[in-house]
Amino acid sequence: MDICVTSLLRDKGFKVTPQRLAIYSALAATKSHPSAEMIYNDLQPLYPTMSLATVYKTIEILKELSLVQVLNVGEDSFRYDADTTNHPHVRCMTCGRVDDLYGVDSSDFVGQVAAQTEYALQGQQFYFYGVCPACQGKAAAVS
């Protein structure tokens, strides 16, 4: 995986640094959809000289290379996903957890939007909001 990222970075004229590889690896290894701050906090002990600005800049580069997608799930900061396939996400309004949704066919809806607006659609993102099973269980236990 890092070999592919290394090649892509070099081919596009970006420096290959241990921090950039670590940031991508951290994103690729998780399904938690971390924010830049979360990535920074996780990697800071391993890379004490790395700044939050490095994380943001690297994420922008990875986005440009189509290696990550940016999620705006209604929080103060963006979340990031190394799974760049077209899939919706659901966020818990209690704990902030963000999960992937697979097997949800939105092609009819996207087709209706294209037909109604006459836009040449270039992409879409779907977000759903609710309360995750863990938080539902906690709420039921308190009641």
# chains A, B, ... in the order shown; residues from 1 in each chain; ligands from 1

call {"tool": "closest_atom_pairs", "arguments": {"of": "segment 37-93 of chain A", "to": "segment 124-143 of chain A", "cutoff": "12 Å", "atoms": "only C-alpha atoms", "output": "tab-separated table"}}
result
residue	atom	partner	partner_atom	distance
A:Gln69	CA	A:Gln125	CA	10.0
A:Val70	CA	A:Gln125	CA	9.8
A:Leu71	CA	A:Gln125	CA	8.2
A:Asn72	CA	A:Tyr127	CA	8.5
A:Val73	CA	A:Tyr127	CA	6.5
A:Gly74	CA	A:Tyr127	CA	9.0
A:Glu75	CA	A:Tyr129	CA	11.6
A:Thr84	CA	A:Gln125	CA	11.1
A:Thr85	CA	A:Gln125	CA	10.7
A:Asn86	CA	A:Gln125	CA	7.6
A:His87	CA	A:Gln125	CA	7.4
A:Pro88	CA	A:Phe126	CA	4.7
A:His89	CA	A:Tyr127	CA	5.0
A:Val90	CA	A:Phe128	CA	4.4
A:Arg91	CA	A:Tyr129	CA	5.0
A:Cys92	CA	A:Val131	CA	4.6
A:Met93	CA	A:Gly130	CA	5.7

call {"tool": "select_by_dssp", "arguments": {"residues": "chain A", "states": "strand (DSSP E)", "output": "mmCIF file with N, CA and C atoms, in the first residue's frame"}}
result
data_model
loop_
_atom_site.group_PDB
_atom_site.id
_atom_site.type_symbol
_atom_site.label_atom_id
_atom_site.label_comp_id
_atom_site.auth_asym_id
_atom_site.auth_seq_id
_atom_site.Cartn_x
_atom_site.Cartn_y
_atom_site.Cartn_z
ATOM 1 N N GLN A 69 -11.258 10.822 0.863
ATOM 2 C CA GLN A 69 -12.398 11.704 0.629
ATOM 3 C C GLN A 69 -12.658 12.506 1.894
ATOM 4 N N VAL A 70 -13.127 13.710 1.689
ATOM 5 C CA VAL A 70 -13.416 14.630 2.782
ATOM 6 C C VAL A 70 -14.899 14.520 3.115
ATOM 7 N N LEU A 71 -15.191 14.350 4.401
ATOM 8 C CA LEU A 71 -16.574 14.222 4.858
ATOM 9 C C LEU A 71 -16.963 15.436 5.684
ATOM 10 N N ARG A 79 -14.101 15.293 8.547
ATOM 11 C CA ARG A 79 -13.609 13.952 8.810
ATOM 12 C C ARG A 79 -13.045 13.432 7.490
ATOM 13 N N TYR A 80 -12.235 12.375 7.566
ATOM 14 C CA TYR A 80 -11.567 11.862 6.373
ATOM 15 C C TYR A 80 -11.718 10.351 6.280
ATOM 16 N N ASP A 81 -11.805 9.873 5.044
ATOM 17 C CA ASP A 81 -12.032 8.457 4.777
ATOM 18 C C ASP A 81 -11.097 8.021 3.660
ATOM 19 N N HIS A 89 -22.592 7.750 4.574
ATOM 20 C CA HIS A 89 -22.118 7.678 5.955
ATOM 21 C C HIS A 89 -23.251 8.026 6.900
ATOM 22 N N VAL A 90 -23.162 7.510 8.116
ATOM 23 C CA VAL A 90 -24.137 7.823 9.156
ATOM 24 C C VAL A 90 -23.371 8.261 10.405
ATOM 25 N N ARG A 91 -23.842 9.369 11.031
ATOM 26 C CA ARG A 91 -23.161 9.916 12.216
ATOM 27 C C ARG A 91 -24.092 9.882 13.416
ATOM 28 N N CYS A 92 -23.539 9.438 14.539
ATOM 29 C CA CYS A 92 -24.286 9.446 15.793
ATOM 30 C C CYS A 92 -24.294 10.863 16.342
ATOM 31 N N VAL A 98 -18.870 7.955 13.310
ATOM 32 C CA VAL A 98 -19.254 7.984 11.897
ATOM 33 C C VAL A 98 -18.989 6.602 11.312
ATOM 34 N N ASP A 99 -20.003 6.031 10.691
ATOM 35 C CA ASP A 99 -19.889 4.703 10.089
ATOM 36 C C ASP A 99 -20.163 4.759 8.598
ATOM 37 N N ASP A 100 -19.574 3.806 7.878
ATOM 38 C CA ASP A 100 -19.843 3.627 6.453
ATOM 39 C C ASP A 100 -21.154 2.874 6.284
ATOM 40 N N TYR A 127 -25.267 11.785 3.768
ATOM 41 C CA TYR A 127 -25.029 11.673 5.199
ATOM 42 C C TYR A 127 -26.360 11.439 5.890
ATOM 43 N N PHE A 128 -26.347 10.527 6.828
ATOM 44 C CA PHE A 128 -27.516 10.261 7.645
ATOM 45 C C PHE A 128 -27.125 10.523 9.089
ATOM 46 N N TYR A 129 -28.097 10.897 9.900
ATOM 47 C CA TYR A 129 -27.846 11.258 11.290
ATOM 48 C C TYR A 129 -28.817 10.507 12.178
ATOM 49 N N GLY A 130 -28.331 10.072 13.326
ATOM 50 C CA GLY A 130 -29.191 9.358 14.265
ATOM 51 C C GLY A 130 -28.425 9.085 15.548
#

call {"tool": "residues_around", "arguments": {"residues": "Ala28 of chain A", "least_positions_apart": "4", "cutoff": "9 Å", "atoms": "only C-alpha atoms", "output": "ChimeraX atom specification"}}
result
/A:23-24,68,81-83

call {"tool": "residues_around", "arguments": {"residues": "Ala22 of chain A", "least_positions_apart": "2", "cutoff": "12 Å", "atoms": "only C-alpha atoms", "output": "VMD selection string"}}
result
chain A and resid 1 to 2 5 to 6 16 to 20 24 to 29 39 to 40 42 to 44 46 to 47 50 54 to 55 58 to 59

call {"tool": "atom_distance", "arguments": {"atom1": "atom CA of Ser35 of chain A", "atom2": "atom CA of Ala53 of chain A"}}
result
12.8 Å

call {"tool": "select_by_dssp", "arguments": {"residues": "segment 40-124 of chain A", "states": "helix (DSSP H, G or I)", "output": "PyMOL selection string"}}
result
chain A and resi 40-43+52-64+107-117

call {"tool": "residues_around", "arguments": {"residues": "Val110 of chain A", "least_positions_apart": "5", "cutoff": "12 Å", "atoms": "only C-alpha atoms", "output": "list in words"}}
result
Asp105, Ala115, Gln116, Thr117, Glu118, Tyr119, Ala120, Leu121, Gln122, Gly123, Gln124, Gln125 and Phe126 of chain A
